[in-house]
Every structure is written in structure tokens, then in C-alpha cells.
>>> print(open('structure-v6.txt').read())   # compact mmCIF, N, CA, C and O atoms
# COMPACT_ATOMS: atom_id res chain seq x y z
N LEU A 216 0.83 -1.20 0.00
CA LEU A 216 0.00 0.00 0.00
C LEU A 216 0.87 1.25 0.00
O LEU A 216 1.85 1.32 0.74
N PRO A 217 0.48 2.26 -0.77
CA PRO A 217 1.21 3.53 -0.69
C PRO A 217 1.00 4.17 0.68
O PRO A 217 -0.11 4.18 1.20
N HIS A 218 2.05 4.67 1.26
CA HIS A 218 1.96 5.28 2.60
C HIS A 218 0.99 6.45 2.63
O HIS A 218 0.38 6.72 3.65
N SER A 219 0.85 7.13 1.51
CA SER A 219 0.01 8.33 1.48
C SER A 219 -1.47 8.04 1.68
O SER A 219 -2.23 8.95 2.02
N ILE A 220 -1.93 6.80 1.49
CA ILE A 220 -3.35 6.50 1.68
C ILE A 220 -3.63 5.84 3.04
O ILE A 220 -4.79 5.64 3.39
N ILE A 221 -2.58 5.52 3.79
CA ILE A 221 -2.77 4.92 5.11
C ILE A 221 -3.11 6.03 6.10
O ILE A 221 -2.36 6.99 6.24
N MET A 222 -4.24 5.88 6.79
CA MET A 222 -4.64 6.88 7.78
C MET A 222 -4.13 6.49 9.16
O MET A 222 -3.51 7.29 9.83
N TRP A 223 -4.44 5.26 9.60
CA TRP A 223 -3.93 4.77 10.87
C TRP A 223 -3.95 3.26 10.88
O TRP A 223 -4.57 2.63 10.03
N MET A 224 -3.23 2.71 11.84
CA MET A 224 -3.18 1.27 12.03
C MET A 224 -3.56 0.95 13.46
O MET A 224 -3.23 1.70 14.37
N GLU A 225 -4.24 -0.18 13.61
CA GLU A 225 -4.72 -0.59 14.92
C GLU A 225 -4.27 -2.02 15.20
O GLU A 225 -4.51 -2.93 14.41
N ALA A 226 -3.60 -2.21 16.33
CA ALA A 226 -3.06 -3.52 16.70
C ALA A 226 -4.15 -4.42 17.25
O ALA A 226 -5.05 -3.98 17.95
N ASP A 227 -4.01 -5.71 16.94
CA ASP A 227 -4.88 -6.74 17.50
C ASP A 227 -4.05 -8.02 17.60
O ASP A 227 -4.11 -8.89 16.74
N GLY A 228 -3.20 -8.06 18.63
CA GLY A 228 -2.31 -9.20 18.80
C GLY A 228 -1.28 -9.26 17.68
O GLY A 228 -0.59 -8.28 17.42
N ASN A 229 -1.20 -10.39 16.99
CA ASN A 229 -0.27 -10.53 15.88
C ASN A 229 -0.83 -9.99 14.57
O ASN A 229 -0.19 -10.10 13.53
N TYR A 230 -2.02 -9.45 14.61
CA TYR A 230 -2.65 -8.87 13.43
C TYR A 230 -2.70 -7.35 13.57
O TYR A 230 -2.73 -6.82 14.68
N THR A 231 -2.75 -6.67 12.43
CA THR A 231 -2.90 -5.22 12.42
C THR A 231 -3.95 -4.86 11.39
O THR A 231 -3.90 -5.35 10.25
N THR A 232 -4.89 -4.02 11.78
CA THR A 232 -5.88 -3.50 10.84
C THR A 232 -5.36 -2.17 10.31
O THR A 232 -5.08 -1.26 11.09
N ILE A 233 -5.23 -2.08 9.00
CA ILE A 233 -4.76 -0.85 8.36
C ILE A 233 -5.99 -0.13 7.81
O ILE A 233 -6.71 -0.67 6.98
N HIS A 234 -6.23 1.08 8.30
CA HIS A 234 -7.35 1.89 7.84
C HIS A 234 -6.82 2.82 6.74
O HIS A 234 -5.87 3.57 6.98
N ILE A 235 -7.45 2.74 5.57
CA ILE A 235 -6.97 3.55 4.45
C ILE A 235 -7.99 4.62 4.10
O ILE A 235 -9.13 4.60 4.56
N SER A 236 -7.58 5.58 3.29
CA SER A 236 -8.30 6.83 3.13
C SER A 236 -9.69 6.74 2.53
O SER A 236 -10.45 7.68 2.64
N ASN A 237 -10.07 5.67 1.93
CA ASN A 237 -11.42 5.59 1.36
C ASN A 237 -12.34 4.75 2.24
O ASN A 237 -13.22 4.05 1.75
N ASP A 238 -12.15 4.84 3.55
CA ASP A 238 -12.95 4.13 4.56
C ASP A 238 -12.90 2.61 4.41
O ASP A 238 -13.83 1.92 4.80
N LYS A 239 -11.84 2.12 3.85
CA LYS A 239 -11.66 0.68 3.74
C LYS A 239 -10.61 0.25 4.75
O LYS A 239 -9.86 1.06 5.27
N ARG A 240 -10.60 -1.05 5.01
CA ARG A 240 -9.63 -1.61 5.95
C ARG A 240 -8.96 -2.82 5.31
O ARG A 240 -9.56 -3.51 4.50
N ARG A 241 -7.76 -3.05 5.75
CA ARG A 241 -7.05 -4.25 5.33
C ARG A 241 -6.40 -4.84 6.57
O ARG A 241 -5.73 -4.13 7.32
N VAL A 242 -6.62 -6.11 6.81
CA VAL A 242 -6.04 -6.79 7.96
C VAL A 242 -4.83 -7.60 7.48
O VAL A 242 -4.92 -8.32 6.49
N VAL A 243 -3.71 -7.41 8.17
CA VAL A 243 -2.49 -8.14 7.84
C VAL A 243 -2.03 -8.92 9.06
O VAL A 243 -2.27 -8.52 10.20
N ARG A 244 -1.36 -10.02 8.82
CA ARG A 244 -0.85 -10.83 9.92
C ARG A 244 0.58 -10.42 10.24
O ARG A 244 1.54 -11.16 10.04
N THR A 245 0.70 -9.20 10.71
CA THR A 245 1.99 -8.62 11.07
C THR A 245 1.75 -7.75 12.30
O THR A 245 0.85 -6.92 12.29
N PRO A 246 2.54 -7.92 13.36
CA PRO A 246 2.37 -7.06 14.54
C PRO A 246 2.64 -5.60 14.20
O PRO A 246 3.47 -5.28 13.35
N ILE A 247 1.97 -4.72 14.91
CA ILE A 247 2.10 -3.29 14.64
C ILE A 247 3.54 -2.79 14.86
O ILE A 247 4.01 -1.91 14.16
N THR A 248 4.25 -3.40 15.80
CA THR A 248 5.64 -2.97 16.04
C THR A 248 6.53 -3.27 14.84
O THR A 248 7.41 -2.48 14.52
N GLU A 249 6.26 -4.37 14.16
CA GLU A 249 7.04 -4.70 12.96
C GLU A 249 6.73 -3.73 11.83
O GLU A 249 7.63 -3.29 11.11
N LEU A 250 5.47 -3.37 11.69
CA LEU A 250 5.10 -2.38 10.67
C LEU A 250 5.70 -1.01 10.99
O LEU A 250 6.16 -0.31 10.10
N GLN A 251 5.72 -0.66 12.26
CA GLN A 251 6.30 0.63 12.67
C GLN A 251 7.77 0.69 12.28
O GLN A 251 8.24 1.73 11.82
N ASP A 252 8.48 -0.40 12.44
CA ASP A 252 9.90 -0.43 12.08
C ASP A 252 10.12 -0.24 10.59
O ASP A 252 11.16 0.25 10.16
N GLN A 253 9.13 -0.64 9.78
CA GLN A 253 9.25 -0.56 8.32
C GLN A 253 8.85 0.80 7.76
O GLN A 253 9.20 1.14 6.63
N LEU A 254 8.11 1.59 8.55
CA LEU A 254 7.57 2.86 8.05
C LEU A 254 8.47 4.03 8.43
O LEU A 254 9.17 4.00 9.43
N SER A 255 8.35 5.08 7.65
CA SER A 255 9.12 6.30 7.88
C SER A 255 8.62 7.05 9.10
O SER A 255 7.42 7.27 9.26
N GLU A 256 9.54 7.44 9.97
CA GLU A 256 9.17 8.27 11.12
C GLU A 256 8.75 9.67 10.70
O GLU A 256 8.19 10.41 11.48
N LYS A 257 9.04 10.03 9.45
CA LYS A 257 8.66 11.35 8.97
C LYS A 257 7.15 11.46 8.77
O LYS A 257 6.60 12.55 8.81
N SER A 258 6.48 10.34 8.53
CA SER A 258 5.05 10.36 8.28
C SER A 258 4.21 9.67 9.34
O SER A 258 3.04 9.99 9.51
N PHE A 259 4.78 8.71 10.05
CA PHE A 259 4.01 7.91 10.99
C PHE A 259 4.54 8.04 12.40
O PHE A 259 5.75 8.16 12.61
N MET A 260 3.62 8.01 13.35
CA MET A 260 4.04 8.05 14.75
C MET A 260 3.12 7.20 15.61
O MET A 260 1.93 7.09 15.35
N ARG A 261 3.70 6.62 16.62
CA ARG A 261 2.95 5.81 17.57
C ARG A 261 2.29 6.75 18.55
O ARG A 261 2.93 7.67 19.07
N ILE A 262 0.99 6.57 18.80
CA ILE A 262 0.28 7.43 19.75
C ILE A 262 -0.27 6.64 20.93
O ILE A 262 -0.79 7.23 21.88
N HIS A 263 -0.19 5.32 20.83
CA HIS A 263 -0.79 4.44 21.83
C HIS A 263 -0.21 3.05 21.56
O HIS A 263 0.24 2.78 20.45
N LYS A 264 -0.24 2.18 22.55
CA LYS A 264 0.29 0.84 22.31
C LYS A 264 -0.45 0.11 21.19
O LYS A 264 0.09 -0.78 20.56
N SER A 265 -1.68 0.55 20.91
CA SER A 265 -2.49 -0.09 19.87
C SER A 265 -2.65 0.72 18.59
O SER A 265 -3.29 0.26 17.66
N PHE A 266 -2.11 1.95 18.55
CA PHE A 266 -2.35 2.80 17.39
C PHE A 266 -1.07 3.43 16.85
O PHE A 266 -0.26 3.97 17.60
N LEU A 267 -0.96 3.40 15.53
CA LEU A 267 0.10 4.06 14.79
C LEU A 267 -0.61 4.91 13.74
O LEU A 267 -1.47 4.40 13.01
N VAL A 268 -0.31 6.20 13.67
CA VAL A 268 -1.04 7.09 12.77
C VAL A 268 -0.12 7.75 11.75
O VAL A 268 1.06 7.96 11.99
N ASN A 269 -0.72 8.06 10.61
CA ASN A 269 -0.08 8.91 9.62
C ASN A 269 -0.39 10.34 10.08
O ASN A 269 -1.52 10.80 9.97
N TYR A 270 0.60 11.01 10.63
CA TYR A 270 0.30 12.30 11.27
C TYR A 270 -0.17 13.34 10.26
O TYR A 270 -0.82 14.32 10.63
N LYS A 271 0.07 13.14 8.98
CA LYS A 271 -0.41 14.08 7.96
C LYS A 271 -1.93 14.00 7.79
O LYS A 271 -2.53 14.90 7.22
N MET A 272 -2.54 12.93 8.29
CA MET A 272 -3.98 12.74 8.18
C MET A 272 -4.75 13.28 9.40
O MET A 272 -5.97 13.29 9.41
N VAL A 273 -4.02 13.72 10.42
CA VAL A 273 -4.66 14.17 11.66
C VAL A 273 -5.35 15.51 11.45
O VAL A 273 -4.76 16.46 10.92
N ASN A 274 -6.63 15.57 11.86
CA ASN A 274 -7.41 16.80 11.71
C ASN A 274 -7.35 17.69 12.94
O ASN A 274 -7.39 18.91 12.84
N ALA A 275 -7.31 17.07 14.13
CA ALA A 275 -7.31 17.84 15.37
C ALA A 275 -6.69 17.02 16.49
O ALA A 275 -6.70 15.80 16.45
N VAL A 276 -6.14 17.73 17.48
CA VAL A 276 -5.55 17.09 18.64
C VAL A 276 -6.09 17.79 19.88
O VAL A 276 -6.16 19.02 19.91
N LYS A 277 -6.51 16.99 20.85
CA LYS A 277 -6.87 17.56 22.14
C LYS A 277 -6.22 16.70 23.21
O LYS A 277 -5.67 15.64 22.91
N SER A 278 -6.26 17.13 24.41
CA SER A 278 -5.60 16.39 25.48
C SER A 278 -6.17 14.98 25.57
O SER A 278 -7.37 14.79 25.77
N GLY A 279 -5.32 14.00 25.36
CA GLY A 279 -5.72 12.61 25.50
C GLY A 279 -6.24 11.93 24.25
O GLY A 279 -6.46 10.72 24.26
N SER A 280 -6.44 12.68 23.15
CA SER A 280 -6.91 12.04 21.93
C SER A 280 -6.62 12.91 20.71
O SER A 280 -6.31 14.09 20.83
N LEU A 281 -6.69 12.27 19.55
CA LEU A 281 -6.58 13.02 18.30
C LEU A 281 -7.65 12.50 17.34
O LEU A 281 -8.25 11.46 17.57
N PHE A 282 -7.88 13.27 16.28
CA PHE A 282 -8.96 12.96 15.35
C PHE A 282 -8.42 12.82 13.94
O PHE A 282 -7.65 13.66 13.47
N ILE A 283 -8.86 11.76 13.28
CA ILE A 283 -8.62 11.56 11.85
C ILE A 283 -10.00 11.38 11.25
O ILE A 283 -10.71 10.43 11.57
N ASN A 284 -10.39 12.33 10.41
CA ASN A 284 -11.77 12.41 9.92
C ASN A 284 -12.68 12.47 11.14
O ASN A 284 -12.48 13.29 12.00
N ASP A 285 -13.65 11.60 11.26
CA ASP A 285 -14.55 11.64 12.41
C ASP A 285 -14.16 10.64 13.50
O ASP A 285 -14.88 10.50 14.48
N LYS A 286 -13.05 9.98 13.33
CA LYS A 286 -12.64 8.94 14.29
C LYS A 286 -11.73 9.54 15.36
O LYS A 286 -10.72 10.17 15.06
N GLU A 287 -12.11 9.33 16.62
CA GLU A 287 -11.30 9.77 17.76
C GLU A 287 -10.42 8.62 18.20
O GLU A 287 -10.90 7.53 18.48
N LEU A 288 -9.12 8.87 18.25
CA LEU A 288 -8.15 7.85 18.66
C LEU A 288 -7.49 8.28 19.96
O LEU A 288 -7.08 9.44 20.10
N PRO A 289 -7.35 7.37 20.92
CA PRO A 289 -6.75 7.74 22.20
C PRO A 289 -5.23 7.92 22.08
O PRO A 289 -4.58 7.25 21.28
N ILE A 290 -4.71 8.83 22.89
CA ILE A 290 -3.26 9.01 22.99
C ILE A 290 -2.85 8.43 24.34
O ILE A 290 -3.36 8.86 25.38
N GLY A 291 -1.94 7.47 24.32
CA GLY A 291 -1.47 6.88 25.57
C GLY A 291 -0.58 7.86 26.33
O GLY A 291 0.09 8.71 25.73
N ARG A 292 -0.58 7.74 27.65
CA ARG A 292 0.24 8.65 28.48
C ARG A 292 1.71 8.61 28.06
O ARG A 292 2.38 9.64 28.06
N THR A 293 2.20 7.44 27.72
CA THR A 293 3.61 7.29 27.31
C THR A 293 3.93 8.11 26.07
O THR A 293 5.05 8.57 25.91
N TYR A 294 2.94 8.30 25.21
CA TYR A 294 3.16 8.96 23.92
C TYR A 294 2.69 10.42 23.89
O TYR A 294 2.91 11.10 22.90
N GLN A 295 2.06 10.89 24.95
CA GLN A 295 1.47 12.23 24.96
C GLN A 295 2.50 13.33 24.67
O GLN A 295 2.24 14.22 23.87
N GLN A 296 3.67 13.26 25.29
CA GLN A 296 4.68 14.32 25.08
C GLN A 296 5.17 14.34 23.64
O GLN A 296 5.33 15.41 23.05
N ALA A 297 5.38 13.18 23.03
CA ALA A 297 5.82 13.12 21.63
C ALA A 297 4.75 13.70 20.70
O ALA A 297 5.08 14.41 19.75
N VAL A 298 3.49 13.42 21.00
CA VAL A 298 2.38 13.98 20.20
C VAL A 298 2.35 15.50 20.36
O VAL A 298 2.25 16.24 19.38
N ASN A 299 2.47 15.98 21.59
CA ASN A 299 2.49 17.42 21.84
C ASN A 299 3.63 18.10 21.07
O ASN A 299 3.45 19.17 20.48
N ASN A 300 4.80 17.48 21.08
CA ASN A 300 5.95 18.04 20.37
C ASN A 300 5.72 18.06 18.86
O ASN A 300 6.04 19.03 18.19
N ARG A 301 5.17 16.97 18.33
CA ARG A 301 4.95 16.87 16.87
C ARG A 301 3.96 17.93 16.40
O ARG A 301 4.15 18.54 15.36
N PHE A 302 2.90 18.14 17.18
CA PHE A 302 1.86 19.08 16.78
C PHE A 302 2.01 20.44 17.46
O PHE A 302 1.12 21.27 17.38
N LYS A 303 3.13 20.62 18.14
CA LYS A 303 3.48 21.89 18.78
C LYS A 303 2.36 22.42 19.69
O LYS A 303 1.91 23.56 19.58
N ILE A 304 1.93 21.56 20.58
CA ILE A 304 0.87 21.91 21.54
C ILE A 304 1.51 22.41 22.82
O ILE A 304 2.44 21.85 23.31
>>> encode(input="structure-v6.txt", output="C-alpha cells")
Amino acid sequence: LPHSIIMWMEADGNYTTIHISNDKRRVVRTPITELQDQLSEKSFMRIHKSFLVNYKMVNAVKSGSLFINDKELPIGRTYQQAVNNRFKI
């Protein structure tokens, strides 16, 4: 998949659901940590133990969560400072 159409990824054990820009999903049998290692840090960032997002797709950020289109994704405490730095909050 082209990185530009990936909105976010959601971990589910050894599987990862990849949400792409036309409201479709693709499930792969690859842990999210392995996918994170393969992706560019310039476009993707971990925001939670279960979520990896394409930060270029983020519409809004508030304390504890961010939004991609109408979907609210939680920001884990471990990742909050990195998210704040990326979005200059």
C-alpha cells in the first residue's frame, strides 16, 4: 500500500488493521511494532500501544486524543509528550 493512503493502524495481537483513506480496511498478519519499524518516522508516529497514525492525516488534537476524519483515537500517556511536540501543543 502507498503510505500516502494509510490513515492509521490498529493492533490486534499478531494482526494489524490498516485503515486507508477511502474508509476501507485491510487486515495483515503482522504485529504493529514490525510495521512501525518498516515505516518512515517522517510520516508515521505511535500514539498508543495499539495505534500508529499517519500524522499528515490528523485533523485535530486535544488532550488525551486526536482525530482523523470523524474517528477519535486515544493518545497513551507514554506517547502524549511526543504527540504534543509533533503538533506543537
>>> atom_distance(input="structure-v6.txt", atom1="atom N of Asn299 of chain A", atom2="atom C of Arg240 of chain A")
27.4 Å
>>> residues_around(input="structure-v6.txt", residues="Ile233 of chain A", least_positions_apart="6", cutoff="6 Å", atoms="only N, CA, C and O atoms", output="PyMOL selection string")
chain A and resi 223-225+239-243
>>> write_last_selection(input="structure-v6.txt", atoms="N, CA, C and O atoms", output="PDB file, in the coordinates of the input")
ATOM      1  N   TRP A 223      -4.440   5.260   9.600  1.00  0.00           N
ATOM      2  CA  TRP A 223      -3.930   4.770  10.870  1.00  0.00           C
ATOM      3  C   TRP A 223      -3.950   3.260  10.880  1.00  0.00           C
ATOM      4  O   TRP A 223      -4.570   2.630  10.030  1.00  0.00           O
ATOM      5  N   MET A 224      -3.230   2.710  11.840  1.00  0.00           N
ATOM      6  CA  MET A 224      -3.180   1.270  12.030  1.00  0.00           C
ATOM      7  C   MET A 224      -3.560   0.950  13.460  1.00  0.00           C
ATOM      8  O   MET A 224      -3.230   1.700  14.370  1.00  0.00           O
ATOM      9  N   GLU A 225      -4.240  -0.180  13.610  1.00  0.00           N
ATOM     10  CA  GLU A 225      -4.720  -0.590  14.920  1.00  0.00           C
ATOM     11  C   GLU A 225      -4.270  -2.020  15.200  1.00  0.00           C
ATOM     12  O   GLU A 225      -4.510  -2.930  14.410  1.00  0.00           O
ATOM     13  N   LYS A 239     -11.840   2.120   3.850  1.00  0.00           N
ATOM     14  CA  LYS A 239     -11.660   0.680   3.740  1.00  0.00           C
ATOM     15  C   LYS A 239     -10.610   0.250   4.750  1.00  0.00           C
ATOM     16  O   LYS A 239      -9.860   1.060   5.270  1.00  0.00           O
ATOM     17  N   ARG A 240     -10.600  -1.050   5.010  1.00  0.00           N
ATOM     18  CA  ARG A 240      -9.630  -1.610   5.950  1.00  0.00           C
ATOM     19  C   ARG A 240      -8.960  -2.820   5.310  1.00  0.00           C
ATOM     20  O   ARG A 240      -9.560  -3.510   4.500  1.00  0.00           O
ATOM     21  N   ARG A 241      -7.760  -3.050   5.750  1.00  0.00           N
ATOM     22  CA  ARG A 241      -7.050  -4.250   5.330  1.00  0.00           C
ATOM     23  C   ARG A 241      -6.400  -4.840   6.570  1.00  0.00           C
ATOM     24  O   ARG A 241      -5.730  -4.130   7.320  1.00  0.00           O
ATOM     25  N   VAL A 242      -6.620  -6.110   6.810  1.00  0.00           N
ATOM     26  CA  VAL A 242      -6.040  -6.790   7.960  1.00  0.00           C
ATOM     27  C   VAL A 242      -4.830  -7.600   7.480  1.00  0.00           C
ATOM     28  O   VAL A 242      -4.920  -8.320   6.490  1.00  0.00           O
ATOM     29  N   VAL A 243      -3.710  -7.410   8.170  1.00  0.00           N
ATOM     30  CA  VAL A 243      -2.490  -8.140   7.840  1.00  0.00           C
ATOM     31  C   VAL A 243      -2.030  -8.920   9.060  1.00  0.00           C
ATOM     32  O   VAL A 243      -2.270  -8.520  10.200  1.00  0.00           O
TER      33      VAL A 243
END
>>> axis_aligned_box(input="structure-v6.txt", around="segment 223-230 of chain A", padding_each_side="5 Å", output="lines of an AutoDock Vina configuration file")
center_x = -2.6
center_y = -2.6
center_z = 14.2
size_x = 14.9
size_y = 25.8
size_z = 19.2
>>> select_by_dssp(input="structure-v6.txt", residues="segment 227-285 of chain A", states="alpha helix (DSSP H)", output="CSV table (one decimal) with N, CA, C and O atoms, in the frame of the given file")
chain,number,residue,atom,x,y,z
A,247,ILE,N,2.0,-4.7,14.9
A,247,ILE,CA,2.1,-3.3,14.6
A,247,ILE,C,3.5,-2.8,14.9
A,247,ILE,O,4.0,-1.9,14.2
A,248,THR,N,4.2,-3.4,15.8
A,248,THR,CA,5.6,-3.0,16.0
A,248,THR,C,6.5,-3.3,14.8
A,248,THR,O,7.4,-2.5,14.5
A,249,GLU,N,6.3,-4.4,14.2
A,249,GLU,CA,7.0,-4.7,13.0
A,249,GLU,C,6.7,-3.7,11.8
A,249,GLU,O,7.6,-3.3,11.1
A,250,LEU,N,5.5,-3.4,11.7
A,250,LEU,CA,5.1,-2.4,10.7
A,250,LEU,C,5.7,-1.0,11.0
A,250,LEU,O,6.2,-0.3,10.1
A,251,GLN,N,5.7,-0.7,12.3
A,251,GLN,CA,6.3,0.6,12.7
A,251,GLN,C,7.8,0.7,12.3
A,251,GLN,O,8.2,1.7,11.8
A,252,ASP,N,8.5,-0.4,12.4
A,252,ASP,CA,9.9,-0.4,12.1
A,252,ASP,C,10.1,-0.2,10.6
A,252,ASP,O,11.2,0.2,10.2
A,253,GLN,N,9.1,-0.6,9.8
A,253,GLN,CA,9.2,-0.6,8.3
A,253,GLN,C,8.8,0.8,7.8
A,253,GLN,O,9.2,1.1,6.6
>>> residues_around(input="structure-v6.txt", residues="Lys277 of chain A", least_positions_apart="3", cutoff="7 Å", atoms="only N, CA, C and O atoms", output="mmCIF file with N, CA, C and O atoms, in the coordinates of the input")
data_model
loop_
_atom_site.group_PDB
_atom_site.id
_atom_site.type_symbol
_atom_site.label_atom_id
_atom_site.label_comp_id
_atom_site.auth_asym_id
_atom_site.auth_seq_id
_atom_site.Cartn_x
_atom_site.Cartn_y
_atom_site.Cartn_z
ATOM 1 N N SER A 280 -6.440 12.680 23.150
ATOM 2 C CA SER A 280 -6.910 12.040 21.930
ATOM 3 C C SER A 280 -6.620 12.910 20.710
ATOM 4 O O SER A 280 -6.310 14.090 20.830
ATOM 5 N N LEU A 281 -6.690 12.270 19.550
ATOM 6 C CA LEU A 281 -6.580 13.020 18.300
ATOM 7 C C LEU A 281 -7.650 12.500 17.340
ATOM 8 O O LEU A 281 -8.250 11.460 17.570
ATOM 9 N N PHE A 282 -7.880 13.270 16.280
ATOM 10 C CA PHE A 282 -8.960 12.960 15.350
ATOM 11 C C PHE A 282 -8.420 12.820 13.940
ATOM 12 O O PHE A 282 -7.650 13.660 13.470
ATOM 13 N N LEU A 288 -9.120 8.870 18.250
ATOM 14 C CA LEU A 288 -8.150 7.850 18.660
ATOM 15 C C LEU A 288 -7.490 8.280 19.960
ATOM 16 O O LEU A 288 -7.080 9.440 20.100
ATOM 17 N N ILE A 290 -4.710 8.830 22.890
ATOM 18 C CA ILE A 290 -3.260 9.010 22.990
ATOM 19 C C ILE A 290 -2.850 8.430 24.340
ATOM 20 O O ILE A 290 -3.360 8.860 25.380
#
>>> atom_distance(input="structure-v6.txt", atom1="atom CA of Asp227 of chain A", atom2="atom CA of Pro289 of chain A")
15.3 Å
>>> atom_distance(input="structure-v6.txt", atom1="atom CA of Ser236 of chain A", atom2="atom N of Ala275 of chain A")
15.1 Å
>>> residues_around(input="structure-v6.txt", residues="segment 250-262 of chain A", least_positions_apart="6", cutoff="4.5 Å", atoms="all atoms listed in the file", output="JSON list (two decimals) with N, CA, C and O atoms, keeping the file's coordinate frame")
[["chain", "number", "residue", "atom", "x", "y", "z"],
["A", 268, "VAL", "N", -0.31, 6.20, 13.67],
["A", 268, "VAL", "CA", -1.04, 7.09, 12.77],
["A", 268, "VAL", "C", -0.12, 7.75, 11.75],
["A", 268, "VAL", "O", 1.06, 7.96, 11.99],
["A", 269, "ASN", "N", -0.72, 8.06, 10.61],
["A", 269, "ASN", "CA", -0.08, 8.91, 9.62],
["A", 269, "ASN", "C", -0.39, 10.34, 10.08],
["A", 269, "ASN", "O", -1.52, 10.80, 9.97],
["A", 270, "TYR", "N", 0.60, 11.01, 10.63],
["A", 270, "TYR", "CA", 0.30, 12.30, 11.27],
["A", 270, "TYR", "C", -0.17, 13.34, 10.26],
["A", 270, "TYR", "O", -0.82, 14.32, 10.63],
["A", 271, "LYS", "N", 0.07, 13.14, 8.98],
["A", 271, "LYS", "CA", -0.41, 14.08, 7.96],
["A", 271, "LYS", "C", -1.93, 14.00, 7.79],
["A", 271, "LYS", "O", -2.53, 14.90, 7.22],
["A", 289, "PRO", "N", -7.35, 7.37, 20.92],
["A", 289, "PRO", "CA", -6.75, 7.74, 22.20],
["A", 289, "PRO", "C", -5.23, 7.92, 22.08],
["A", 289, "PRO", "O", -4.58, 7.25, 21.28],
["A", 290, "ILE", "N", -4.71, 8.83, 22.89],
["A", 290, "ILE", "CA", -3.26, 9.01, 22.99],
["A", 290, "ILE", "C", -2.85, 8.43, 24.34],
["A", 290, "ILE", "O", -3.36, 8.86, 25.38],
["A", 291, "GLY", "N", -1.94, 7.47, 24.32],
["A", 291, "GLY", "CA", -1.47, 6.88, 25.57],
["A", 291, "GLY", "C", -0.58, 7.86, 26.33],
["A", 291, "GLY", "O", 0.09, 8.71, 25.73]]
>>> closest_residue(input="structure-v6.txt", among="A:Ile247, A:Ile221, A:Ala226, A:Leu216", to="Ser265 of chain A", atoms="only N, CA, C and O atoms")
A:Ala226
>>> select_by_dssp(input="structure-v6.txt", residues="chain A", states="strand (DSSP E)", output="PyMOL selection string")
chain A and resi 221-227+230-235+239-243+259-263+266-269+275-277+280-283+286-289
>>> closest_residue(input="structure-v6.txt", among="A:Ile220, A:Asn300, A:Glu249, A:Asp285", to="Asn237 of chain A", atoms="only N, CA, C and O atoms")
A:Ile220
>>> residues_around(input="structure-v6.txt", residues="Asn229 of chain A", least_positions_apart="4", cutoff="7 Å", atoms="only C-alpha atoms", output="PyMOL selection string")
chain A and resi 244-246
>>> build_atoms(input="structure-v6.txt", residues="segment 287-291 of chain A", atoms="all heavy atoms", output="short mmCIF file (atom, residue, chain, number, x, y, z; two decimals), keeping the file's coordinate frame")
data_model
loop_
_atom_site.label_atom_id
_atom_site.label_comp_id
_atom_site.auth_asym_id
_atom_site.auth_seq_id
_atom_site.Cartn_x
_atom_site.Cartn_y
_atom_site.Cartn_z
N GLU A 287 -12.11 9.33 16.62
CA GLU A 287 -11.30 9.77 17.76
C GLU A 287 -10.42 8.62 18.20
O GLU A 287 -10.90 7.53 18.48
CB GLU A 287 -12.19 10.22 18.91
CG GLU A 287 -11.41 10.76 20.09
CD GLU A 287 -12.31 11.33 21.18
OE1 GLU A 287 -13.55 11.23 21.07
OE2 GLU A 287 -11.75 11.87 22.14
N LEU A 288 -9.12 8.87 18.25
CA LEU A 288 -8.15 7.85 18.66
C LEU A 288 -7.49 8.28 19.96
O LEU A 288 -7.08 9.44 20.10
CB LEU A 288 -7.08 7.64 17.58
CG LEU A 288 -7.60 7.24 16.20
CD1 LEU A 288 -6.46 7.24 15.18
CD2 LEU A 288 -8.27 5.88 16.25
N PRO A 289 -7.35 7.37 20.92
CA PRO A 289 -6.75 7.74 22.20
C PRO A 289 -5.23 7.92 22.08
O PRO A 289 -4.58 7.25 21.28
CB PRO A 289 -7.07 6.55 23.10
CG PRO A 289 -7.16 5.40 22.15
CD PRO A 289 -7.74 5.96 20.88
N ILE A 290 -4.71 8.83 22.89
CA ILE A 290 -3.26 9.01 22.99
C ILE A 290 -2.85 8.43 24.34
O ILE A 290 -3.36 8.86 25.38
CB ILE A 290 -2.86 10.49 22.92
CG1 ILE A 290 -3.31 11.10 21.59
CG2 ILE A 290 -1.35 10.65 23.11
CD1 ILE A 290 -3.17 12.61 21.52
N GLY A 291 -1.94 7.47 24.32
CA GLY A 291 -1.47 6.88 25.57
C GLY A 291 -0.58 7.86 26.33
O GLY A 291 0.09 8.71 25.73
#
